[in-house]
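Listing of final13.cif, mmCIF, C-alpha atoms
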data_data
#
loop_
_atom_site.label_atom_id
_atom_site.label_comp_id
_atom_site.auth_asym_id
_atom_site.auth_seq_id
_atom_site.Cartn_x
_atom_site.Cartn_y
_atom_site.Cartn_z
CA MET A 5 17.50 17.13 2.14
CA SER A 6 18.23 17.93 -1.54
CA LEU A 7 16.40 16.30 -4.44
CA LEU A 8 19.57 14.45 -5.45
CA SER A 9 20.06 13.12 -1.94
CA ALA A 10 16.41 12.01 -1.70
CA LEU A 11 16.71 10.26 -5.06
CA THR A 12 19.94 8.43 -4.30
CA SER A 13 19.26 7.49 -0.67
CA ALA A 14 15.56 6.54 -0.83
CA ILE A 15 14.22 6.14 -4.36
CA LEU A 16 17.11 4.53 -6.25
CA PRO A 17 17.66 1.61 -3.82
CA VAL A 18 13.98 0.71 -4.21
CA LEU A 19 14.01 1.09 -7.98
CA ALA A 20 17.20 -0.93 -8.34
CA VAL A 21 15.72 -4.08 -6.80
CA ALA A 22 12.36 -3.56 -8.56
CA ALA A 23 14.24 -3.17 -11.86
CA VAL A 24 15.85 -6.58 -11.34
CA GLY A 25 12.37 -8.05 -10.90
CA PHE A 26 11.15 -6.22 -14.01
CA LEU A 27 14.03 -7.57 -16.12
CA LEU A 28 13.50 -11.06 -14.73
CA GLY A 29 9.79 -10.84 -15.52
CA THR A 30 10.50 -9.86 -19.12
CA VAL A 31 12.88 -12.74 -19.86
CA ARG A 32 11.28 -15.49 -17.79
CA ASP A 33 7.68 -16.55 -17.26
CA ILE A 34 7.39 -16.23 -13.48
CA GLU A 35 4.23 -16.97 -11.52
CA VAL A 36 4.24 -14.09 -9.07
CA SER A 37 1.34 -15.53 -7.06
CA ALA A 38 3.68 -18.12 -5.50
CA LEU A 39 5.95 -15.36 -4.23
CA GLY A 40 2.87 -13.53 -3.02
CA THR A 41 1.70 -16.52 -1.01
CA VAL A 42 5.07 -16.88 0.69
CA THR A 43 5.19 -13.16 1.42
CA ILE A 44 1.65 -12.95 2.81
CA TYR A 45 1.71 -16.10 4.93
CA VAL A 46 5.34 -16.25 6.12
CA LEU A 47 7.55 -13.23 5.49
CA THR A 48 5.16 -10.36 6.20
CA PRO A 49 3.79 -11.77 9.50
CA ALA A 50 7.36 -12.21 10.73
CA LEU A 51 8.25 -8.68 9.61
CA VAL A 52 5.12 -7.25 11.27
CA PHE A 53 5.56 -9.06 14.59
CA HIS A 54 9.26 -8.26 14.94
CA SER A 55 8.90 -4.64 13.88
CA LEU A 56 5.94 -3.91 16.15
CA THR A 57 7.37 -5.64 19.23
CA THR A 58 10.66 -3.76 18.89
CA SER A 59 9.12 -0.45 17.80
CA SER A 60 9.25 2.60 20.03
CA LEU A 61 5.81 3.79 18.83
CA GLY A 62 3.33 4.29 21.65
CA GLY A 63 -0.31 3.27 21.87
CA GLU A 64 -1.64 6.78 21.23
CA THR A 65 0.47 7.09 18.09
CA VAL A 66 -0.77 3.74 16.81
CA LEU A 67 -4.42 4.70 17.35
CA THR A 68 -3.90 8.07 15.66
CA LEU A 69 -2.24 6.39 12.70
CA ALA A 70 -5.09 3.87 12.34
CA ALA A 71 -7.62 6.70 12.50
CA GLY A 72 -5.62 8.58 9.89
CA VAL A 73 -5.69 5.61 7.49
CA LEU A 74 -9.46 5.33 7.95
CA VAL A 75 -10.14 9.04 7.39
CA PHE A 76 -7.78 9.21 4.41
CA THR A 77 -9.17 6.10 2.71
CA VAL A 78 -12.84 6.98 3.12
CA GLY A 79 -12.18 10.62 2.21
CA MET A 80 -10.21 9.82 -0.95
CA ALA A 81 -12.82 7.26 -2.02
CA ALA A 82 -15.49 9.94 -1.71
CA VAL A 83 -13.42 12.49 -3.67
CA ALA A 84 -12.66 9.98 -6.44
CA GLU A 85 -16.31 8.94 -6.60
CA LEU A 86 -17.46 12.54 -7.01
CA VAL A 87 -14.81 13.28 -9.64
CA GLY A 88 -15.61 10.11 -11.58
CA ARG A 89 -19.35 10.80 -11.62
CA ALA A 90 -18.75 14.44 -12.60
CA LEU A 91 -16.76 13.19 -15.60
CA GLY A 92 -19.61 10.85 -16.56
CA GLU A 93 -17.78 7.60 -15.79
CA THR A 94 -19.92 4.49 -15.24
CA GLU A 95 -19.19 1.00 -14.02
CA PRO A 96 -16.84 -0.78 -14.29
CA VAL A 97 -14.50 2.16 -14.98
CA LEU A 98 -15.96 4.25 -12.15
CA GLY A 99 -15.17 1.60 -9.55
CA ALA A 100 -11.72 1.04 -11.05
CA LEU A 101 -11.00 4.79 -10.93
CA VAL A 102 -12.03 4.98 -7.26
CA LEU A 103 -9.96 1.94 -6.29
CA SER A 104 -6.80 3.03 -8.09
CA SER A 105 -7.11 6.57 -6.70
CA THR A 106 -7.79 5.53 -3.11
CA PHE A 107 -5.50 2.62 -2.20
CA PRO A 108 -1.73 3.32 -2.31
CA ASN A 109 0.92 0.65 -2.80
CA ALA A 110 1.86 0.90 0.88
CA GLY A 111 3.28 -2.61 1.00
CA ASN A 112 5.81 -3.77 -1.55
CA TYR A 113 6.67 -0.18 -2.52
CA GLY A 114 5.78 1.82 0.59
CA ILE A 115 7.46 -0.29 3.28
CA PRO A 116 10.97 -0.37 1.76
CA LEU A 117 10.77 3.25 0.60
CA SER A 118 9.67 4.44 4.05
CA GLN A 119 12.49 2.45 5.63
CA PHE A 120 15.10 3.98 3.34
CA ALA A 121 13.69 7.48 3.89
CA PHE A 122 12.94 7.36 7.64
CA ASP A 123 14.82 4.32 9.01
CA GLY A 124 13.20 2.11 11.66
CA VAL A 125 10.31 4.46 12.43
CA GLY A 126 9.55 4.55 8.73
CA ARG A 127 9.32 0.78 8.53
CA SER A 128 7.19 0.42 11.68
CA THR A 129 4.82 3.15 10.57
CA ALA A 130 4.50 1.70 7.08
CA ILE A 131 3.72 -1.73 8.51
CA LEU A 132 0.99 -0.32 10.72
CA TYR A 133 -0.36 1.59 7.74
CA ILE A 134 -0.62 -1.53 5.58
CA ALA A 135 -2.23 -3.46 8.45
CA ALA A 136 -4.99 -0.86 8.77
CA GLN A 137 -5.35 -0.56 5.01
CA SER A 138 -5.72 -4.33 4.60
CA VAL A 139 -8.90 -4.26 6.67
CA LEU A 140 -10.30 -1.43 4.55
CA THR A 141 -9.24 -3.12 1.31
CA TYR A 142 -11.26 -6.25 2.09
CA THR A 143 -14.31 -4.29 3.24
CA LEU A 144 -14.64 -0.91 1.49
CA GLY A 145 -12.45 -2.05 -1.41
CA VAL A 146 -14.50 -5.17 -2.08
CA TYR A 147 -17.71 -3.15 -1.87
CA ILE A 148 -16.42 -0.73 -4.54
CA ALA A 149 -15.21 -3.58 -6.77
CA SER A 150 -18.41 -5.64 -6.50
CA ARG A 151 -20.95 -2.77 -6.38
CA GLY A 152 -24.17 -4.18 -5.01
CA ASP A 153 -23.29 -7.86 -4.80
CA GLU A 154 -24.46 -8.26 -1.19
CA THR A 155 -23.30 -11.85 -0.86
CA SER A 156 -19.79 -10.92 -1.94
CA ASN A 157 -19.74 -7.90 0.35
CA LEU A 158 -20.63 -10.01 3.39
CA ALA A 159 -18.15 -12.69 2.44
CA ALA A 160 -15.46 -10.04 2.06
CA VAL A 161 -15.51 -9.33 5.78
CA ARG A 162 -14.42 -12.91 6.44
CA GLU A 163 -11.41 -12.40 4.17
CA VAL A 164 -9.95 -9.97 6.70
CA PHE A 165 -9.70 -12.74 9.28
CA LYS A 166 -7.83 -15.00 6.86
CA LEU A 167 -4.89 -12.61 6.74
CA PRO A 168 -1.95 -13.70 8.96
CA LEU A 169 -0.90 -10.06 9.07
CA VAL A 170 -3.94 -9.24 11.22
CA TYR A 171 -3.04 -11.92 13.78
CA ALA A 172 0.60 -10.82 13.78
CA VAL A 173 -0.52 -7.31 14.72
CA LEU A 174 -2.78 -8.68 17.48
CA ALA A 175 -0.06 -10.98 18.82
CA ALA A 176 2.46 -8.13 18.88
CA GLY A 177 -0.02 -5.96 20.75
CA VAL A 178 -0.72 -8.67 23.33
CA VAL A 179 2.93 -9.44 24.14
CA ARG A 180 3.73 -5.72 24.39
CA PHE A 181 0.76 -5.13 26.67
CA LEU A 182 1.73 -8.07 28.90
CA GLY A 183 5.39 -7.06 28.88
CA VAL A 184 6.59 -10.47 27.69
CA VAL A 185 8.42 -9.46 24.51
CA PRO A 186 11.38 -11.86 24.07
CA PRO A 187 14.87 -10.31 24.26
CA ALA A 188 16.07 -8.89 20.94
CA ASP A 189 19.06 -11.26 20.90
CA SER A 190 17.00 -14.39 21.63
CA ALA A 191 16.80 -17.20 19.07
CA MET A 192 13.11 -16.52 18.45
CA MET A 193 13.52 -12.81 17.73
CA SER A 194 16.65 -13.37 15.66
CA THR A 195 14.78 -15.91 13.53
CA LEU A 196 11.81 -13.58 13.11
CA LYS A 197 14.11 -10.72 12.12
CA LEU A 198 15.94 -12.87 9.57
CA THR A 199 12.65 -14.06 8.08
CA GLY A 200 11.00 -10.63 8.14
CA ASP A 201 13.97 -8.87 6.56
CA ALA A 202 13.57 -11.15 3.54
CA ALA A 203 10.14 -9.63 2.91
CA ILE A 204 11.56 -6.29 1.74
CA PRO A 205 13.57 -7.49 -1.31
CA ILE A 206 10.91 -10.07 -2.19
CA MET A 207 8.22 -7.33 -2.21
CA LEU A 208 10.32 -5.20 -4.54
CA LEU A 209 11.03 -8.13 -6.87
CA MET A 210 7.29 -8.85 -6.97
CA LEU A 211 6.58 -5.23 -7.85
CA GLY A 212 8.99 -5.38 -10.78
CA ILE A 213 7.62 -8.70 -12.04
CA GLN A 214 4.04 -7.41 -11.79
CA LEU A 215 4.94 -4.32 -13.78
CA ALA A 216 6.63 -6.47 -16.43
CA ASN A 217 3.41 -8.48 -16.79
CA THR A 218 1.11 -5.44 -16.97
CA ASP A 219 -0.55 -4.54 -20.27
CA SER A 220 -0.18 -0.75 -20.20
CA GLY A 221 -1.56 -0.04 -23.66
CA ALA A 222 -5.23 -0.51 -22.89
CA ALA A 223 -6.15 2.72 -21.15
CA VAL A 224 -3.21 5.12 -20.90
CA ALA A 225 -5.34 8.04 -22.03
CA ARG A 226 -8.04 7.25 -19.46
CA VAL A 227 -5.96 6.97 -16.28
CA GLY A 228 -4.74 10.56 -16.16
CA VAL A 229 -7.46 11.56 -13.70
CA SER A 230 -6.66 8.60 -11.44
CA ASN A 231 -2.94 9.43 -11.50
CA VAL A 232 -3.53 13.08 -10.58
CA LEU A 233 -5.79 12.03 -7.71
CA LYS A 234 -3.28 9.43 -6.50
CA LEU A 235 -0.02 11.34 -6.81
CA VAL A 236 -1.09 14.97 -6.35
CA VAL A 237 -4.41 15.18 -4.51
CA ALA A 238 -3.73 12.25 -2.14
CA PRO A 239 -0.60 13.68 -0.43
CA VAL A 240 -2.26 17.09 -0.05
CA PHE A 241 -5.31 15.39 1.43
CA ALA A 242 -3.01 13.40 3.74
CA VAL A 243 -1.41 16.59 5.06
CA GLY A 244 -4.91 17.82 5.90
CA VAL A 245 -5.60 14.58 7.78
CA VAL A 246 -2.38 15.02 9.78
CA PHE A 247 -3.41 18.47 10.96
CA LEU A 248 -7.01 17.35 11.55
CA LEU A 249 -6.00 14.46 13.83
CA GLY A 250 -3.00 16.19 15.40
CA PHE A 251 -0.23 13.58 15.05
CA SER A 252 2.03 13.89 18.09
CA ASP A 253 5.01 12.17 16.44
CA VAL A 254 6.34 14.29 13.57
CA THR A 255 8.24 11.42 11.91
CA VAL A 256 5.17 9.19 11.95
CA ALA A 257 3.16 12.03 10.40
CA ARG A 258 5.71 12.40 7.61
CA VAL A 259 5.74 8.67 6.89
CA PHE A 260 1.94 8.70 6.87
CA VAL A 261 1.92 11.40 4.18
CA LEU A 262 4.56 9.49 2.19
CA GLU A 263 2.55 6.26 2.37
CA CYS A 264 -0.59 8.04 1.20
CA ALA A 265 1.33 9.35 -1.82
CA MET A 266 2.40 5.92 -3.06
CA PRO A 267 1.25 4.92 -6.57
CA ALA A 268 -1.79 2.71 -7.15
CA ALA A 269 -1.77 -0.60 -5.26
CA VAL A 270 -1.88 -4.07 -6.82
CA THR A 271 -4.62 -5.48 -4.54
CA PRO A 272 -7.41 -3.48 -6.25
CA LEU A 273 -6.41 -5.17 -9.51
CA ILE A 274 -6.94 -8.55 -7.86
CA LEU A 275 -10.36 -7.39 -6.63
CA CYS A 276 -11.35 -6.10 -10.06
CA ILE A 277 -10.38 -9.38 -11.67
CA GLU A 278 -12.36 -11.29 -9.04
CA TYR A 279 -15.54 -9.28 -9.62
CA ASP A 280 -15.17 -8.61 -13.36
CA HIS A 281 -18.31 -9.69 -15.22
CA GLY A 282 -17.18 -8.70 -18.68
CA SER A 283 -17.21 -5.34 -20.39
CA SER A 284 -18.90 -6.11 -23.75
CA GLY A 285 -16.06 -4.61 -25.75
CA ARG A 286 -15.68 -1.59 -23.49
CA LEU A 287 -12.75 -0.81 -21.23
CA SER A 288 -12.82 -3.25 -18.33
CA GLY A 289 -12.04 -2.62 -14.67
CA PRO A 290 -8.92 -4.83 -14.67
CA GLU A 291 -7.58 -3.08 -17.79
CA TYR A 292 -8.06 0.33 -16.19
CA VAL A 293 -6.46 -0.60 -12.87
CA SER A 294 -3.50 -2.44 -14.41
CA THR A 295 -2.73 0.59 -16.57
CA ALA A 296 -3.13 2.94 -13.60
CA ILE A 297 -0.64 0.83 -11.61
CA PHE A 298 1.95 0.88 -14.38
CA VAL A 299 1.66 4.58 -15.24
CA SER A 300 1.40 5.83 -11.65
CA THR A 301 4.43 3.76 -10.60
CA LEU A 302 6.56 5.31 -13.33
CA ALA A 303 5.23 8.81 -12.62
CA SER A 304 5.84 8.37 -8.89
CA VAL A 305 9.63 8.52 -9.22
CA PRO A 306 9.96 12.32 -9.62
CA VAL A 307 6.89 12.98 -7.44
CA LEU A 308 8.12 10.92 -4.50
CA THR A 309 11.66 12.23 -4.84
CA LEU A 310 10.33 15.76 -4.45
CA LEU A 311 7.96 14.76 -1.65
CA ILE A 312 10.68 13.00 0.38
CA ALA A 313 12.94 16.03 0.06
CA ILE A 314 10.11 18.30 1.28
CA LEU A 315 9.13 15.99 4.15
CA GLN A 316 12.69 15.50 5.37
CA SER A 317 13.31 19.25 5.28
CA GLY A 318 10.30 19.78 7.55
CA ALA A 319 8.79 22.32 5.17
CA VAL A 320 5.28 20.83 5.36
CA VAL A 321 4.81 18.51 8.38
#
Encoding of this model in structure tokens:
Amino acid sequence: MSLLSALTSAILPVLAVAAVGFLLGTVRDIEVSALGTVTIYVLTPALVFHSLTTSSLGGETVLTLAAGVLVFTVGMAAVAELVGRALGETEPVLGALVLSSTFPNAGNYGIPLSQFAFDGVGRSTAILYIAAQSVLTYTLGVYIASRGDETSNLAAVREVFKLPLVYAVLAAGVVRFLGVVPPADSAMMSTLKLTGDAAIPIMLLMLGIQLANTDSGAAVARVGVSNVLKLVVAPVFAVGVVFLLGFSDVTVARVFVLECAMPAAVTPLILCIEYDHGSSGRLSGPEYVSTAIFVSTLASVPVLTLLIAILQSGAVV
């Protein structure tokens, strides 16, 4: 696929909806947390259950993908930690650098982009990716954000089991294992599809609104390292993970690499805000992560356009 084709068929549809959210966020004061609550507790579980029960992905592919997310996340966290320490970064910036370099925006950016680029397999793979990443976000991610607060670290594990997405994945696995998936044209599945499909545009609107509310002037000069790790090192590292684990499904492998190359995720910002204890006039964790999100999202447009063209041509995976 050419760069122009990748841009017009995959990137621009995503940017167009996100741009509407950005414009809306600049002219109106919108509380994005309300949209987030609806997405997390209603739309995403429906999207996850319907996509996984109707997906053609096999059990071996799912396990390989989950293993890939684990290896990638732990590996990138280690690389970012080493780079940050080598540069002399200390907390809270060190933790913010690791978080923004490790966790991609695999949800409200990655799911719709993967769907546009790789159709139904892209969406199913992206959903499985975000399900696995959610567990790591509320365990490894919270540990990095809190750094030594043992009570918070233990409590973070419980947060995983408050996510409806986790139970949607389990429920989908159970009904597929038992062979009791409702017919695709049944009222239940039609309702779930209608509800789940609403998650995609809502996620993109949320992304635009969040970017409109981000203060990007605080640390632009400091997030260059994080952006290079996230947009350049991460996809290369992901290709290595694909060959290490031996993905049997080529399309799933390509979507995995694409998901890993997404810009910095929003959830680490929420974690940094939760565990921010003040910076005494220095650059704070939330300031660093919010800037990394904004800059990496803008920089991701040409990077992801090129990456999609390479992946769809089969030149790498």
Exercise for review: Write out as a list in words which residues come within 12 Å of segment 181-187 of chain A when counting all atoms listed in the file, dropping same-chain ones fewer than 2 positions away.
Suggested key: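 In the requested format, the answer is Phe53, His54, Ser55, Leu56, Thr57, Thr58, Ser59, Gly62, Gly63, Leu174, Ala175, Ala176, Gly177, Val178, Val179, Asp189, Ser190, Ala191, Met192, Met193, Ser194, Thr195 and Leu196 of chain A.
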Residue subset to file, keeping C-alpha atoms, as an mmCIF file, in the coordinates of the input:
data_model
loop_
_atom_site.group_PDB
_atom_site.id
_atom_site.type_symbol
_atom_site.label_atom_id
_atom_site.label_comp_id
_atom_site.auth_asym_id
_atom_site.auth_seq_id
_atom_site.Cartn_x
_atom_site.Cartn_y
_atom_site.Cartn_z
ATOM 1 C CA PHE A 53 5.560 -9.060 14.590
ATOM 2 C CA HIS A 54 9.260 -8.260 14.940
ATOM 3 C CA SER A 55 8.900 -4.640 13.880
ATOM 4 C CA LEU A 56 5.940 -3.910 16.150
ATOM 5 C CA THR A 57 7.370 -5.640 19.230
ATOM 6 C CA THR A 58 10.660 -3.760 18.890
ATOM 7 C CA SER A 59 9.120 -0.450 17.800
ATOM 8 C CA GLY A 62 3.330 4.290 21.650
ATOM 9 C CA GLY A 63 -0.310 3.270 21.870
ATOM 10 C CA LEU A 174 -2.780 -8.680 17.480
ATOM 11 C CA ALA A 175 -0.060 -10.980 18.820
ATOM 12 C CA ALA A 176 2.460 -8.130 18.880
ATOM 13 C CA GLY A 177 -0.020 -5.960 20.750
ATOM 14 C CA VAL A 178 -0.720 -8.670 23.330
ATOM 15 C CA VAL A 179 2.930 -9.440 24.140
ATOM 16 C CA ASP A 189 19.060 -11.260 20.900
ATOM 17 C CA SER A 190 17.000 -14.390 21.630
ATOM 18 C CA ALA A 191 16.800 -17.200 19.070
ATOM 19 C CA MET A 192 13.110 -16.520 18.450
ATOM 20 C CA MET A 193 13.520 -12.810 17.730
ATOM 21 C CA SER A 194 16.650 -13.370 15.660
ATOM 22 C CA THR A 195 14.780 -15.910 13.530
ATOM 23 C CA LEU A 196 11.810 -13.580 13.110
#
Check your understanding: Quick one: which residues end up in the PyMOL selection byres ((chain A and resi 141) around 12) for this structure, as JSON, numbers by chain?
Key -> {"A": [73, 74, 77, 78, 81, 103, 104, 106, 107, 108, 109, 110, 133, 134, 135, 136, 137, 138, 139, 140, 142, 143, 144, 145, 146, 147, 148, 149, 157, 160, 161, 163, 164, 167, 269, 270, 271, 272, 273, 274, 275, 276]}
Exercise for review: Excluding segment 20-29 of chain A and any residue of its chain fewer than 6 positions from it, enumerate the residues within 12 Å of it, using only C-alpha atoms, and give them as a list in words.
Suggested key: Leu11, Thr12, Ser13, Ala14, Glu35, Val36, Leu39, Asn112, Tyr113, Pro116, Leu117, Ile204, Pro205, Ile206, Met207, Leu208, Leu209, Met210, Leu211, Gly212, Ile213, Gln214, Leu215, Ala216, Asn217, Thr218, Phe298, Thr301 and Leu302 of chain A
Check your understanding: Between A:Val75, A:Ala203, A:Leu69, A:Val83, which one has atoms that come closest to Gly244 of chain A, using all atoms listed in the file?
Key ->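 Between A:Val75, A:Ala203, A:Leu69, A:Val83, the residue approaching Gly244 of chain A most closely is A:Val75.
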Practice item. Would you kindly translate the PyMOL selection byres ((chain A and resi 290) around 7) into the concrete residues it picks from this file, as an MDAnalysis selection string? Key: chainID A and resid 273 276:277 288:289 291:294
Revision key, fill the gap. Expressed in Å, the length from atom CA of Ile15 of chain A to atom CA of Ser118 of chain A is 9.7 Å
Quick check on the file I pasted: which residues fall under the PyMOL selection byres ((chain A and resi 314) around 12)? Write them as a PDB file with C-alpha atoms, keeping the file's coordinate frame.
ATOM      1  CA  MET A   5      17.500  17.130   2.140  1.00  0.00           C
ATOM      2  CA  SER A   6      18.230  17.930  -1.540  1.00  0.00           C
ATOM      3  CA  LEU A   7      16.400  16.300  -4.440  1.00  0.00           C
ATOM      4  CA  SER A   9      20.060  13.120  -1.940  1.00  0.00           C
ATOM      5  CA  ALA A  10      16.410  12.010  -1.700  1.00  0.00           C
ATOM      6  CA  ALA A 121      13.690   7.480   3.890  1.00  0.00           C
ATOM      7  CA  PRO A 239      -0.600  13.680  -0.430  1.00  0.00           C
ATOM      8  CA  ARG A 258       5.710  12.400   7.610  1.00  0.00           C
ATOM      9  CA  VAL A 259       5.740   8.670   6.890  1.00  0.00           C
ATOM     10  CA  VAL A 261       1.920  11.400   4.180  1.00  0.00           C
ATOM     11  CA  LEU A 262       4.560   9.490   2.190  1.00  0.00           C
ATOM     12  CA  VAL A 307       6.890  12.980  -7.440  1.00  0.00           C
ATOM     13  CA  LEU A 308       8.120  10.920  -4.500  1.00  0.00           C
ATOM     14  CA  THR A 309      11.660  12.230  -4.840  1.00  0.00           C
ATOM     15  CA  LEU A 310      10.330  15.760  -4.450  1.00  0.00           C
ATOM     16  CA  LEU A 311       7.960  14.760  -1.650  1.00  0.00           C
ATOM     17  CA  ILE A 312      10.680  13.000   0.380  1.00  0.00           C
ATOM     18  CA  ALA A 313      12.940  16.030   0.060  1.00  0.00           C
ATOM     19  CA  LEU A 315       9.130  15.990   4.150  1.00  0.00           C
ATOM     20  CA  GLN A 316      12.690  15.500   5.370  1.00  0.00           C
ATOM     21  CA  SER A 317      13.310  19.250   5.280  1.00  0.00           C
ATOM     22  CA  GLY A 318      10.300  19.780   7.550  1.00  0.00           C
ATOM     23  CA  ALA A 319       8.790  22.320   5.170  1.00  0.00           C
ATOM     24  CA  VAL A 320       5.280  20.830   5.360  1.00  0.00           C
ATOM     25  CA  VAL A 321       4.810  18.510   8.380  1.00  0.00           C
TER      26      VAL A 321
END
Review point. How far is it from atom CA of Asp201 of chain A to atom CA of Val31 of chain A, in Å with one decimal?
Key: 26.7 Å
Practice item. Return the single residue from A:Gly72, A:Gly124, A:Ala100, A:Thr295 that is closest to Phe247 of chain A, with distances computed using all atoms listed in the file. Key: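 Closest to Phe247 of chain A of all the choices is A:Gly72.
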**Study point:** Point-to-point distance in Å for atom CA of Leu101 of chain A and atom CA of Leu249 of chain A
**Key:** 27.0 Å
Check your understanding: From the set A:Leu19, A:Ala202, A:Ala257, A:Leu51, which residue has the shortest atom-to-atom contact distance to Pro168 of chain A, counting all atoms listed in the file?
Key ->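 Using all atoms listed in the file, the shortest distance to Pro168 of chain A belongs to A:Leu51.
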All file atoms of segment 137-148 of chain A boxed axis-aligned, 8 Å per side, centre plus edges, as JSON:
{"center_x": -11.5, "center_y": -3.4, "center_z": 1.1, "size_x": 28.4, "size_y": 21.7, "size_z": 27.2}
Check your understanding: Between A:Ile115, A:Val52, A:Leu47, A:Leu233, which one has atoms that come closest to Val87 of chain A, using only C-alpha atoms?
Key ->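 Closest residue, counting only C-alpha atoms: A:Leu233.
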Practice item. Would you kindly return, as a PyMOL selection string, each protein, DNA or RNA residue with an atom no farther than 8 Å from any atom of Gly88 of chain A, considering only C-alpha atoms and excluding same-chain residues fewer than 4 positions away? Key: chain A and resi 84+92-94+98+101-102
Point to revise | Proximity to Ala265 of chain A - best of A:Leu235, A:Pro49, A:Leu169, A:Asp123, all atoms listed in the file | key: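 Nearest to Ala265 of chain A: A:Leu235.
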